[in-house]
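A.B. asks: Contents of my_file34.txt (compact mmCIF, C-alpha atoms and all ligand atoms) are given next:
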# COMPACT_ATOMS: atom_id res chain seq x y z
CA MET A 14 -77.89 21.72 0.49
CA ARG A 15 -77.28 18.44 2.31
CA ALA A 16 -75.41 18.07 5.61
CA LEU A 17 -74.68 15.22 8.02
CA VAL A 18 -76.49 16.33 11.16
CA SER A 19 -76.18 14.86 14.64
CA HIS A 20 -79.58 15.70 16.12
CA ALA A 21 -78.99 14.34 19.60
CA PRO A 22 -76.27 12.36 21.37
CA GLY A 23 -76.17 8.80 20.00
CA LEU A 24 -75.35 7.30 16.61
CA ASP A 25 -79.04 6.76 15.81
CA GLY A 26 -79.41 10.55 15.93
CA LEU A 27 -77.44 10.95 12.67
CA SER A 28 -79.03 11.83 9.33
CA LEU A 29 -78.17 13.40 5.99
CA ASP A 30 -80.57 16.36 6.00
CA GLU A 31 -81.67 18.95 3.51
CA ARG A 32 -80.83 22.39 4.95
CA GLU A 33 -80.90 25.96 3.78
CA THR A 34 -77.55 27.10 2.34
CA PRO A 35 -76.11 29.64 4.83
CA ARG A 36 -75.05 33.15 3.77
CA PRO A 37 -71.72 34.62 4.92
CA GLY A 38 -71.78 37.37 7.53
CA PRO A 39 -69.06 40.03 7.96
CA GLY A 40 -65.59 38.45 7.94
CA GLN A 41 -66.92 35.09 6.72
CA VAL A 42 -66.74 33.16 3.46
CA LEU A 43 -69.10 30.54 2.08
CA LEU A 44 -67.30 27.39 0.98
CA ARG A 45 -68.66 24.82 -1.46
CA MET A 46 -67.18 21.72 0.12
CA ARG A 47 -65.31 19.39 -2.22
CA ALA A 48 -64.17 16.72 0.24
CA ALA A 49 -63.93 16.01 3.98
CA ALA A 50 -62.18 13.43 6.13
CA VAL A 51 -63.55 11.28 8.93
CA THR A 52 -61.91 10.82 12.34
CA LEU A 53 -62.88 8.86 15.42
CA ARG A 54 -63.64 12.23 16.99
CA ASP A 55 -66.69 12.59 14.70
CA CYS A 56 -68.08 9.36 16.10
CA LYS A 57 -67.36 10.40 19.70
CA MET A 58 -68.89 13.83 19.03
CA ALA A 59 -72.04 12.23 17.64
CA ALA A 60 -72.17 9.94 20.67
CA GLY A 61 -72.10 12.96 23.00
CA ALA A 62 -68.48 13.28 24.14
CA TYR A 63 -66.34 16.49 24.24
CA GLY A 64 -69.00 18.56 25.98
CA ALA A 65 -71.50 17.66 23.25
CA GLU A 66 -73.95 16.08 25.69
CA ASP A 67 -76.02 19.22 25.94
CA ARG A 68 -76.41 20.76 22.52
CA GLY A 69 -78.72 21.38 19.61
CA PRO A 70 -78.41 19.74 16.17
CA LEU A 71 -74.81 19.85 14.93
CA VAL A 72 -73.19 19.37 11.51
CA LEU A 73 -70.26 16.99 12.08
CA GLY A 74 -66.80 17.10 10.51
CA GLY A 75 -63.51 18.58 11.69
CA GLU A 76 -61.57 18.65 8.45
CA GLY A 77 -62.24 19.29 4.80
CA VAL A 78 -61.52 21.35 1.74
CA GLY A 79 -63.79 23.70 -0.16
CA GLU A 80 -63.77 26.42 -2.76
CA ILE A 81 -64.77 29.98 -1.93
CA VAL A 82 -68.10 30.78 -3.59
CA GLU A 83 -69.10 33.95 -1.69
CA CYS A 84 -67.31 36.49 0.53
CA GLY A 85 -69.08 38.41 3.28
CA ARG A 86 -68.52 42.09 4.08
CA ASP A 87 -64.97 43.11 5.14
CA VAL A 88 -63.30 40.04 3.61
CA ALA A 89 -60.03 40.95 1.91
CA GLY A 90 -57.24 38.87 0.39
CA TRP A 91 -59.40 35.98 -0.82
CA ARG A 92 -61.12 35.47 -4.17
CA ILE A 93 -63.96 33.35 -5.50
CA GLY A 94 -62.80 29.91 -6.69
CA GLN A 95 -59.79 29.58 -4.36
CA ARG A 96 -59.44 26.10 -2.86
CA VAL A 97 -58.91 26.36 0.89
CA ASN A 98 -58.86 24.50 4.20
CA PRO A 99 -60.72 26.09 7.10
CA LEU A 100 -58.58 25.96 10.26
CA PHE A 101 -59.79 23.19 12.61
CA VAL A 102 -59.84 25.48 15.68
CA GLN A 103 -61.30 28.57 14.00
CA GLY A 104 -60.29 30.84 16.88
CA TRP A 105 -56.60 29.80 16.97
CA THR A 106 -55.34 32.54 14.69
CA GLY A 107 -52.82 33.96 17.19
CA GLU A 108 -49.88 32.25 18.84
CA ARG A 109 -51.83 30.84 21.76
CA VAL A 110 -55.45 29.92 22.27
CA HIS A 111 -57.54 29.77 25.42
CA VAL A 112 -59.13 26.42 26.21
CA ASP A 113 -62.60 28.04 26.08
CA GLU A 114 -61.87 29.22 22.54
CA VAL A 115 -60.98 25.64 21.56
CA ALA A 116 -64.20 24.35 23.08
CA THR A 117 -66.36 26.86 21.25
CA THR A 118 -64.63 27.34 17.87
CA THR A 119 -63.68 23.81 16.83
CA LEU A 120 -65.22 22.72 13.54
CA GLY A 121 -67.86 20.05 13.91
CA GLY A 122 -67.63 20.60 17.67
CA PRO A 123 -70.42 21.16 20.12
CA ARG A 124 -70.79 24.86 19.21
CA LEU A 125 -69.81 25.12 15.54
CA ASP A 126 -71.05 23.35 12.41
CA GLY A 127 -68.41 21.36 10.56
CA THR A 128 -67.26 20.12 7.18
CA PHE A 129 -69.74 17.30 6.44
CA ALA A 130 -71.96 19.56 4.34
CA GLN A 131 -72.19 20.67 0.73
CA PHE A 132 -71.70 24.28 1.88
CA MET A 133 -70.25 25.71 5.07
CA LEU A 134 -69.33 29.06 6.58
CA ALA A 135 -65.78 29.75 7.73
CA SER A 136 -63.99 32.73 9.17
CA ALA A 137 -61.93 34.35 6.38
CA ALA A 138 -59.18 34.91 8.95
CA SER A 139 -58.88 31.12 9.39
CA LEU A 140 -58.32 30.05 5.78
CA VAL A 141 -55.25 28.35 4.35
CA GLU A 142 -54.73 27.88 0.62
CA VAL A 143 -54.33 24.24 -0.32
CA PRO A 144 -51.11 22.94 -1.97
CA ALA A 145 -51.88 22.79 -5.70
CA HIS A 146 -50.61 19.23 -6.28
CA LEU A 147 -53.10 17.66 -3.86
CA GLY A 148 -56.39 16.13 -4.95
CA ASP A 149 -59.49 17.17 -3.01
CA ALA A 150 -59.63 14.07 -0.78
CA GLU A 151 -55.93 14.41 0.01
CA ALA A 152 -56.31 18.10 0.83
CA ALA A 153 -59.27 17.37 3.12
CA THR A 154 -57.00 15.53 5.58
CA LEU A 155 -54.74 18.47 6.46
CA PRO A 156 -56.68 20.52 9.07
CA PHE A 157 -56.93 17.89 11.83
CA ALA A 158 -54.86 14.75 11.19
CA GLY A 159 -52.17 16.56 9.22
CA LEU A 160 -51.87 19.49 11.59
CA THR A 161 -51.83 17.30 14.72
CA ALA A 162 -49.00 15.22 13.27
CA TRP A 163 -47.14 18.34 12.12
CA CYS A 164 -47.28 19.85 15.63
CA ALA A 165 -46.42 16.52 17.29
CA VAL A 166 -43.10 16.28 15.38
CA GLN A 167 -42.15 19.97 15.61
CA GLY A 168 -38.51 20.43 16.60
CA VAL A 169 -37.42 17.07 15.21
CA GLY A 170 -34.39 17.23 12.89
CA PRO A 171 -31.64 15.31 11.13
CA GLY A 172 -30.06 12.62 13.30
CA ASP A 173 -33.11 12.35 15.57
CA THR A 174 -35.04 9.12 16.06
CA VAL A 175 -38.84 9.32 16.14
CA VAL A 176 -41.19 6.52 17.20
CA VAL A 177 -44.61 6.58 15.57
CA GLN A 178 -47.22 4.21 17.02
CA GLY A 179 -50.01 2.93 14.79
CA THR A 180 -50.87 3.41 11.14
CA GLY A 181 -53.97 5.62 11.21
CA GLY A 182 -54.11 9.07 9.69
CA ILE A 183 -52.02 10.91 12.28
CA PRO A 184 -49.17 8.38 12.59
CA LEU A 185 -48.67 8.13 8.82
CA PHE A 186 -48.56 11.91 8.47
CA ALA A 187 -46.06 11.94 11.36
CA LEU A 188 -43.92 9.34 9.57
CA GLN A 189 -43.88 11.50 6.43
CA PHE A 190 -43.19 14.79 8.27
CA ALA A 191 -40.43 13.26 10.42
CA ARG A 192 -38.75 11.80 7.31
CA LEU A 193 -39.06 15.21 5.63
CA ALA A 194 -37.24 16.72 8.62
CA GLY A 195 -34.40 14.22 8.14
CA ALA A 196 -35.20 12.02 11.13
CA ARG A 197 -34.99 8.25 11.38
CA VAL A 198 -38.46 6.79 11.98
CA ILE A 199 -39.57 3.65 13.80
CA VAL A 200 -43.22 2.64 13.20
CA SER A 201 -45.31 0.17 15.20
CA SER A 202 -48.57 -1.62 14.36
CA LYS A 203 -50.48 -4.72 15.38
CA SER A 204 -50.47 -5.77 11.71
CA ASP A 205 -47.35 -7.05 9.93
CA GLU A 206 -48.96 -6.28 6.60
CA LYS A 207 -49.40 -2.61 7.63
CA LEU A 208 -45.79 -2.55 8.81
CA GLU A 209 -44.67 -3.65 5.37
CA ARG A 210 -46.67 -0.77 3.87
CA ALA A 211 -45.12 1.63 6.41
CA ARG A 212 -41.64 0.55 5.31
CA ALA A 213 -42.63 1.20 1.70
CA LEU A 214 -43.62 4.71 2.83
CA GLY A 215 -40.19 5.33 4.31
CA ALA A 216 -40.17 3.83 7.82
CA ASP A 217 -36.58 2.88 8.69
CA HIS A 218 -37.57 0.22 11.25
CA THR A 219 -40.84 -1.34 12.36
CA PHE A 220 -42.14 -3.58 15.14
CA ASN A 221 -45.40 -5.27 16.06
CA TYR A 222 -46.59 -3.84 19.40
CA GLN A 223 -48.78 -6.87 20.11
CA ALA A 224 -45.98 -9.35 19.51
CA GLN A 225 -43.61 -7.13 21.54
CA PRO A 226 -45.56 -5.65 24.48
CA ASP A 227 -42.26 -4.61 26.13
CA TRP A 228 -41.35 -2.71 22.95
CA HIS A 229 -39.27 0.04 24.56
CA ARG A 230 -36.47 -2.57 24.58
CA THR A 231 -36.68 -2.80 20.78
CA VAL A 232 -36.34 0.99 20.53
CA LEU A 233 -33.34 0.92 22.87
CA GLU A 234 -31.71 -1.80 20.77
CA LEU A 235 -32.32 0.15 17.57
CA THR A 236 -30.77 3.27 19.11
CA GLU A 237 -27.70 1.58 20.64
CA GLY A 238 -29.17 1.94 24.12
CA ARG A 239 -29.72 5.68 23.82
CA GLY A 240 -33.50 5.90 23.33
CA ALA A 241 -35.66 7.90 20.92
CA ASP A 242 -35.70 11.69 20.76
CA ARG A 243 -39.46 11.82 20.23
CA VAL A 244 -42.26 9.31 20.73
CA LEU A 245 -45.74 9.96 19.39
CA ASP A 246 -48.14 8.50 21.91
CA PRO A 247 -51.64 7.59 20.74
CA GLY A 248 -52.73 5.68 23.77
CA GLY A 249 -52.23 7.56 27.00
CA SER A 250 -52.92 4.99 29.69
CA VAL A 251 -52.38 2.09 27.25
CA THR A 252 -49.01 3.20 25.90
CA ILE A 253 -47.48 6.00 27.99
CA ALA A 254 -45.35 3.75 30.23
CA GLN A 255 -43.62 2.14 27.21
CA SER A 256 -43.37 5.51 25.46
CA LEU A 257 -41.53 7.12 28.38
CA ARG A 258 -39.14 4.18 28.72
CA ALA A 259 -38.35 4.34 25.00
CA LEU A 260 -37.20 7.99 25.24
CA ARG A 261 -33.64 9.22 25.63
CA PRO A 262 -32.93 11.53 28.60
CA GLY A 263 -34.45 14.91 27.72
CA GLY A 264 -36.74 13.37 25.07
CA THR A 265 -40.37 14.29 24.43
CA ALA A 266 -43.56 12.24 24.29
CA SER A 267 -46.23 13.92 22.13
CA VAL A 268 -49.58 12.60 23.35
CA PHE A 269 -52.39 13.13 20.85
CA ASN A 270 -55.09 10.66 21.80
CA ALA A 271 -56.53 8.59 24.65
CA LEU A 272 -57.01 4.98 23.57
CA GLY A 273 -57.61 3.81 27.12
CA SER A 274 -58.95 5.71 30.11
CA ALA A 275 -58.89 9.51 30.24
CA GLU A 276 -56.29 9.57 33.02
CA ILE A 277 -52.66 8.52 32.80
CA GLU A 278 -50.28 7.36 35.50
CA VAL A 279 -46.67 8.43 35.12
CA SER A 280 -43.67 7.34 37.19
CA LEU A 281 -42.33 10.63 38.56
CA PRO A 282 -38.87 9.24 39.44
CA TRP A 283 -38.54 8.11 35.82
CA LEU A 284 -39.90 11.38 34.39
CA LEU A 285 -37.77 13.63 36.59
CA GLY A 286 -34.71 11.40 36.54
CA HIS A 287 -34.63 11.46 32.74
CA ASN A 288 -35.72 15.10 32.32
CA LEU A 289 -38.54 13.99 30.03
CA ARG A 290 -41.30 16.13 28.57
CA VAL A 291 -44.88 14.95 28.09
CA ARG A 292 -46.61 17.25 25.65
CA GLY A 293 -50.32 17.23 24.79
CA VAL A 294 -51.09 17.98 21.15
CA ASN A 295 -54.52 19.10 20.00
CA ALA A 296 -54.25 20.24 16.37
CA GLY A 297 -52.52 23.62 16.03
CA SER A 298 -52.55 27.29 15.14
CA LEU A 299 -53.11 29.08 11.85
CA ALA A 300 -49.37 29.76 11.58
CA ALA A 301 -48.62 26.06 12.07
CA HIS A 302 -51.21 25.08 9.44
CA ARG A 303 -49.69 27.56 6.97
CA ALA A 304 -46.17 26.26 7.66
CA MET A 305 -47.39 22.69 7.12
CA ALA A 306 -49.12 23.60 3.84
CA ALA A 307 -45.95 25.34 2.63
CA ALA A 308 -43.81 22.28 3.51
CA ILE A 309 -46.24 19.95 1.74
CA GLY A 310 -46.30 22.24 -1.30
CA GLU A 311 -42.50 22.40 -1.50
CA SER A 312 -41.92 18.69 -0.92
CA GLY A 313 -44.77 17.29 -3.00
CA LEU A 314 -45.79 15.09 -0.03
CA ARG A 315 -49.08 13.22 -0.53
CA PRO A 316 -51.32 12.21 2.39
CA VAL A 317 -52.09 8.49 2.64
CA LEU A 318 -55.73 7.60 1.98
CA GLU A 319 -57.40 4.36 3.02
CA CYS A 320 -60.44 5.08 0.86
CA VAL A 321 -62.64 7.82 -0.62
CA LEU A 322 -66.37 7.31 -0.07
CA PRO A 323 -69.36 9.16 -1.56
CA PHE A 324 -70.92 11.80 0.70
CA GLU A 325 -74.06 9.63 0.95
CA ALA A 326 -71.99 7.14 2.99
CA ALA A 327 -71.09 9.75 5.64
CA ALA A 328 -73.29 8.44 8.49
CA ASP A 329 -72.05 4.87 8.02
CA ALA A 330 -68.43 6.05 7.80
CA VAL A 331 -68.77 7.93 11.11
CA ALA A 332 -70.45 5.00 12.84
CA ALA A 333 -67.80 2.57 11.53
CA ALA A 334 -64.84 4.71 12.68
CA PRO A 335 -64.14 2.82 15.95
CA ARG A 336 -64.03 -0.56 14.19
CA ARG A 337 -62.29 0.37 10.95
CA GLU A 338 -58.87 -1.16 10.30
CA GLN A 339 -57.45 1.67 8.25
CA PHE A 340 -54.07 2.57 6.86
CA GLY A 341 -54.25 6.37 6.55
CA LYS A 342 -57.38 8.45 6.17
CA VAL A 343 -61.01 7.76 5.27
CA CYS A 344 -62.41 10.58 3.11
CA LEU A 345 -65.76 11.73 1.81
CA GLN A 346 -66.16 13.20 -1.66
CA MET A 347 -68.81 15.92 -1.94
CA THR A 348 -68.34 16.84 -5.61
CA ALA A 349 -68.33 14.58 -8.65
N1 LIG B 401 -55.07 15.39 19.38
C1 LIG B 401 -55.60 15.80 18.24
O1 LIG B 401 -55.55 16.96 17.87
C2 LIG B 401 -56.24 14.80 17.37
C3 LIG B 401 -56.41 15.11 16.03
C4 LIG B 401 -56.99 14.18 15.21
C5 LIG B 401 -57.43 12.98 15.75
N2 LIG B 401 -57.26 12.72 17.06
C6 LIG B 401 -57.68 11.43 17.61
O2 LIG B 401 -56.54 10.59 17.55
C7 LIG B 401 -56.98 9.27 17.30
C8 LIG B 401 -56.10 8.64 16.27
O3 LIG B 401 -56.43 9.06 15.04
P1 LIG B 401 -55.73 8.38 13.81
O4 LIG B 401 -56.41 8.88 12.61
O5 LIG B 401 -54.29 8.50 13.84
O6 LIG B 401 -55.96 6.83 14.12
P2 LIG B 401 -57.18 5.93 13.75
O7 LIG B 401 -57.26 5.96 12.30
O8 LIG B 401 -58.37 6.29 14.56
O9 LIG B 401 -56.63 4.48 14.18
C9 LIG B 401 -56.36 4.12 15.50
C10 LIG B 401 -54.89 3.85 15.56
O10 LIG B 401 -54.49 3.43 16.83
C11 LIG B 401 -53.45 2.47 16.68
N3 LIG B 401 -53.41 1.70 17.92
C12 LIG B 401 -54.41 1.07 18.54
N4 LIG B 401 -53.97 0.49 19.68
C13 LIG B 401 -52.64 0.77 19.76
C14 LIG B 401 -51.63 0.46 20.70
N5 LIG B 401 -51.86 -0.27 21.80
N6 LIG B 401 -50.39 0.91 20.44
C15 LIG B 401 -50.13 1.64 19.35
N7 LIG B 401 -51.05 1.98 18.42
C16 LIG B 401 -52.30 1.55 18.64
C17 LIG B 401 -53.84 1.67 15.45
O11 LIG B 401 -52.69 1.16 14.83
P3 LIG B 401 -52.62 -0.20 13.98
O12 LIG B 401 -53.96 -0.47 13.36
O13 LIG B 401 -51.55 0.02 12.99
O14 LIG B 401 -52.23 -1.25 14.98
C18 LIG B 401 -54.44 2.80 14.59
O15 LIG B 401 -53.43 3.46 13.85
C19 LIG B 401 -58.46 9.33 17.01
O16 LIG B 401 -59.16 8.96 18.19
C20 LIG B 401 -58.72 10.77 16.75
O17 LIG B 401 -60.01 11.18 17.14
C21 LIG B 401 -56.66 13.59 17.88
Take the structure from the file and write it as structure tokens.
Ligand SMILES: NC(=O)c1ccc[n+]([C@@H]2O[C@H](COP(=O)([O-])OP(=O)(O)OC[C@H]3O[C@@H](n4cnc5c(N)ncnc54)[C@H](OP(=O)(O)O)[C@@H]3O)[C@@H](O)[C@H]2O)c1

C.D. replies:
Amino acid sequence: MRALVSHAPGLDGLSLDERETPRPGPGQVLLRMRAAAVTLRDCKMAAGAYGAEDRGPLVLGGEGVGEIVECGRDVAGWRIGQRVNPLFVQGWTGERVHVDEVATTTLGGPRLDGTFAQFMLASAASLVEVPAHLGDAEAATLPFAGLTAWCAVQGVGPGDTVVVQGTGGIPLFALQFARLAGARVIVSSKSDEKLERARALGADHTFNYQAQPDWHRTVLELTEGRGADRVLDPGGSVTIAQSLRALRPGGTASVFNALGSAEIEVSLPWLLGHNLRVRGVNAGSLAAHRAMAAAIGESGLRPVLECVLPFEAAADAVAAAPRREQFGKVCLQMTA
């Protein structure tokens, strides 16, 4: 089988290699991968971030969909041919997960091979059946981008206002999930053309964050001075100050990425005075993934795809991730 292997930190250490197809051990299944999705994390992982500086060769890829082709010993409840997502953090099958478990059981992470392969092993306890109406490329986007967005908007309901910054994979899922929950959604982008597409997807209001660097004022105007109930923050140091000022008292900022430096500075008088919550979101649990899949199945929601590329283009797609101007997700198709 072929797999996209990062041999050593650095993008020149990437190659599509021929490897032996693995065999499932006890409690594992072998998946024939049908599609996978690319995130900036794959590029950072290849470059040596996330504790991946000191590691052996690694198959990249945090999210994907495959069909079960073989079950190891002690696997019950799954059958050959079922189309499933492996959970992004394989070890997060209970309510909470220890940070060490995240570091060691994340797909395509420094310790565990990922989804950019024609076959992969997954823990049977981590599988989630894929909503039947989704195509393979659509289904591939659920474990990381979908689940992060799902967890970032948890608790949002009718009458709430949610601010979604950017138009990559996570923000567009968040827009769809927040609308599904009955919330009003405000989307930002640096591109007016992308904002028009966001409105067509259901955004109630939009603004250009480059044209309006002081954009919390726009959110306050749109909410009659009250502020948003939830702000999804993709930027940390780049965006957190505006995000916190755009929130209503008692509101929550869900931070899911660090566009700028790894550290953020927060005004404590503002945070305490407004009883705000800053919540880090790093994917989610098996129960959350199952709840998301059920909601997608019931609603008929379809993930937004920028493009679907052949598996042969995997290395280029990973290397291009930091520069790509995408609207939604970039996917890889493993099967014809
Ligand atoms: N925490 C987690 O569990 C988790 C899960 C998956 C991915 N991630 C990480 O989260 C990041 C985002 O992934 P993604 O797929 O949503 O996005 P992406 O496709 O990597 O695109 C980057 C996004 O950032 C937006 N952006 C850039 N500068 C901005 C600014 N100053 N203000 C607001 N938005 C800004 C861009 O919006 P416009 O082009 O519209 O301007 C674009 O949507 C990636 O680095 C990924 O590795 C985290």

A.B. asks: Might you pull out every residue within 6 Å of Phe129 in chain A, with all atoms listed in the file counted and same-chain residues fewer than 4 positions away left off, and present them as a ChimeraX atom specification?

C.D. replies: /A:16-17,73-74

A.B. asks: Considering only C-alpha atoms, state which residue in the set A:Ser267, A:Thr348, A:Asn288, A:Ser312 is at the smallest distance from Pro144 in chain A.

C.D. replies: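 Smallest distance to Pro144 in chain A is found for A:Ser312.
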
A.B. asks: Find the residue from A:Gly293, A:Gly181, A:Pro156, A:Gly26 that sits nearest to ligand LIG 401 (chain B); use only C-alpha atoms and all ligand atoms when measuring.

C.D. replies: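 The answer is A:Gly181, which sits nearest to ligand LIG 401 (chain B).
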
A.B. asks: Could you list, as an NGL selection string, all the residues within 6 Å of ligand LIG 401 (chain B), counting only C-alpha atoms and all ligand atoms?

C.D. replies: :A and (52-54 or 157-158 or 161 or 178-184 or 202-204 or 251 or 269-270 or 294-296 or 338-339)

A.B. asks: Between CA of Glu31 in chain A and CA of Ala130 in chain A, what is the distance in Å, rounded to a tenth?

C.D. replies: 9.8 Å

A.B. asks: Any idea what the distance is between CA of Leu284 in chain A and CA of Gly249 in chain A?

C.D. replies: 14.9 Å

A.B. asks: Check the smallest atom-to-atom distance from each of A:Trp91, A:Phe101, A:Phe132, A:Tyr222 to Ala50 in chain A using all atoms listed in the file, then report the winner.

C.D. replies: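 Using all atoms listed in the file, the shortest distance to Ala50 in chain A belongs to A:Phe101.
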
A.B. asks: Which of these, A:Asp173, A:Asp227, A:Asp246, A:Asp149, has the shortest distance to Glu80 in chain A once you count all atoms listed in the file?

C.D. replies: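 Looking at the shortest contact to Glu80 in chain A, the residue is A:Asp149.
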
A.B. asks: Smallest atom-to-atom distance to His287 in chain A: which of A:Gly341, A:Pro335, A:Gly127, A:Pro262, using all atoms listed in the file?

C.D. replies: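 Once distances to His287 in chain A are computed over all atoms listed in the file, the minimum belongs to A:Pro262.
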
A.B. asks: Could you pull the residues within 6 Å of Ser19 in chain A, counting all atoms listed in the file, minus those fewer than 3 positions along the same chain, as a PyMOL selection string?

C.D. replies: chain A and resi 26-27+59+70-71

A.B. asks: Extract range 264-278 of chain A from the structure I just pasted (atoms: N, CA, C and O atoms) and return it as a PDB file, in the first residue's frame.

C.D. replies:
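For reference, part03.pdb as written:
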ATOM      1  N   GLY A 264     -20.213  35.948  28.208  1.00  0.00           N
ATOM      2  CA  GLY A 264     -20.037  35.214  26.941  1.00  0.00           C
ATOM      3  C   GLY A 264     -18.762  34.371  26.928  1.00  0.00           C
ATOM      4  O   GLY A 264     -17.922  34.476  27.830  1.00  0.00           O
ATOM      5  N   THR A 265     -18.632  33.558  25.888  1.00  0.00           N
ATOM      6  CA  THR A 265     -17.504  32.621  25.796  1.00  0.00           C
ATOM      7  C   THR A 265     -16.748  32.797  24.486  1.00  0.00           C
ATOM      8  O   THR A 265     -17.363  32.872  23.416  1.00  0.00           O
ATOM      9  N   ALA A 266     -15.407  32.847  24.604  1.00  0.00           N
ATOM     10  CA  ALA A 266     -14.555  32.787  23.406  1.00  0.00           C
ATOM     11  C   ALA A 266     -14.020  31.366  23.294  1.00  0.00           C
ATOM     12  O   ALA A 266     -13.394  30.869  24.225  1.00  0.00           O
ATOM     13  N   SER A 267     -14.296  30.701  22.169  1.00  0.00           N
ATOM     14  CA  SER A 267     -13.749  29.359  21.922  1.00  0.00           C
ATOM     15  C   SER A 267     -12.515  29.518  21.041  1.00  0.00           C
ATOM     16  O   SER A 267     -12.621  29.851  19.867  1.00  0.00           O
ATOM     17  N   VAL A 268     -11.344  29.285  21.639  1.00  0.00           N
ATOM     18  CA  VAL A 268     -10.084  29.465  20.901  1.00  0.00           C
ATOM     19  C   VAL A 268      -9.648  28.118  20.348  1.00  0.00           C
ATOM     20  O   VAL A 268      -9.479  27.156  21.105  1.00  0.00           O
ATOM     21  N   PHE A 269      -9.473  28.044  19.017  1.00  0.00           N
ATOM     22  CA  PHE A 269      -9.136  26.736  18.438  1.00  0.00           C
ATOM     23  C   PHE A 269      -7.844  26.744  17.637  1.00  0.00           C
ATOM     24  O   PHE A 269      -7.460  25.728  17.053  1.00  0.00           O
ATOM     25  N   ASN A 270      -7.171  27.873  17.583  1.00  0.00           N
ATOM     26  CA  ASN A 270      -5.961  27.920  16.766  1.00  0.00           C
ATOM     27  C   ASN A 270      -5.090  29.074  17.234  1.00  0.00           C
ATOM     28  O   ASN A 270      -5.555  29.957  17.953  1.00  0.00           O
ATOM     29  N   ALA A 271      -3.816  29.066  16.825  1.00  0.00           N
ATOM     30  CA  ALA A 271      -2.902  30.160  17.152  1.00  0.00           C
ATOM     31  C   ALA A 271      -2.314  30.697  15.856  1.00  0.00           C
ATOM     32  O   ALA A 271      -1.342  30.163  15.347  1.00  0.00           O
ATOM     33  N   LEU A 272      -2.956  31.746  15.310  1.00  0.00           N
ATOM     34  CA  LEU A 272      -2.441  32.325  14.062  1.00  0.00           C
ATOM     35  C   LEU A 272      -1.169  33.123  14.311  1.00  0.00           C
ATOM     36  O   LEU A 272      -0.307  33.209  13.451  1.00  0.00           O
ATOM     37  N   GLY A 273      -1.072  33.724  15.481  1.00  0.00           N
ATOM     38  CA  GLY A 273       0.113  34.530  15.776  1.00  0.00           C
ATOM     39  C   GLY A 273       1.070  33.759  16.669  1.00  0.00           C
ATOM     40  O   GLY A 273       1.361  32.593  16.431  1.00  0.00           O
ATOM     41  N   SER A 274       1.533  34.409  17.743  1.00  0.00           N
ATOM     42  CA  SER A 274       2.468  33.739  18.641  1.00  0.00           C
ATOM     43  C   SER A 274       1.703  32.731  19.505  1.00  0.00           C
ATOM     44  O   SER A 274       0.471  32.742  19.557  1.00  0.00           O
ATOM     45  N   ALA A 275       2.457  31.886  20.201  1.00  0.00           N
ATOM     46  CA  ALA A 275       1.826  30.831  20.999  1.00  0.00           C
ATOM     47  C   ALA A 275       1.225  31.358  22.296  1.00  0.00           C
ATOM     48  O   ALA A 275       0.432  30.682  22.939  1.00  0.00           O
ATOM     49  N   GLU A 276       1.605  32.566  22.692  1.00  0.00           N
ATOM     50  CA  GLU A 276       1.101  33.127  23.955  1.00  0.00           C
ATOM     51  C   GLU A 276       0.072  34.211  23.665  1.00  0.00           C
ATOM     52  O   GLU A 276       0.170  34.913  22.667  1.00  0.00           O
ATOM     53  N   ILE A 277      -0.930  34.333  24.561  1.00  0.00           N
ATOM     54  CA  ILE A 277      -1.870  35.440  24.391  1.00  0.00           C
ATOM     55  C   ILE A 277      -1.857  36.335  25.631  1.00  0.00           C
ATOM     56  O   ILE A 277      -1.590  35.866  26.733  1.00  0.00           O
ATOM     57  N   GLU A 278      -2.160  37.606  25.386  1.00  0.00           N
ATOM     58  CA  GLU A 278      -2.238  38.568  26.487  1.00  0.00           C
ATOM     59  C   GLU A 278      -3.704  38.960  26.631  1.00  0.00           C
ATOM     60  O   GLU A 278      -4.352  39.313  25.642  1.00  0.00           O
TER      61      GLU A 278
END
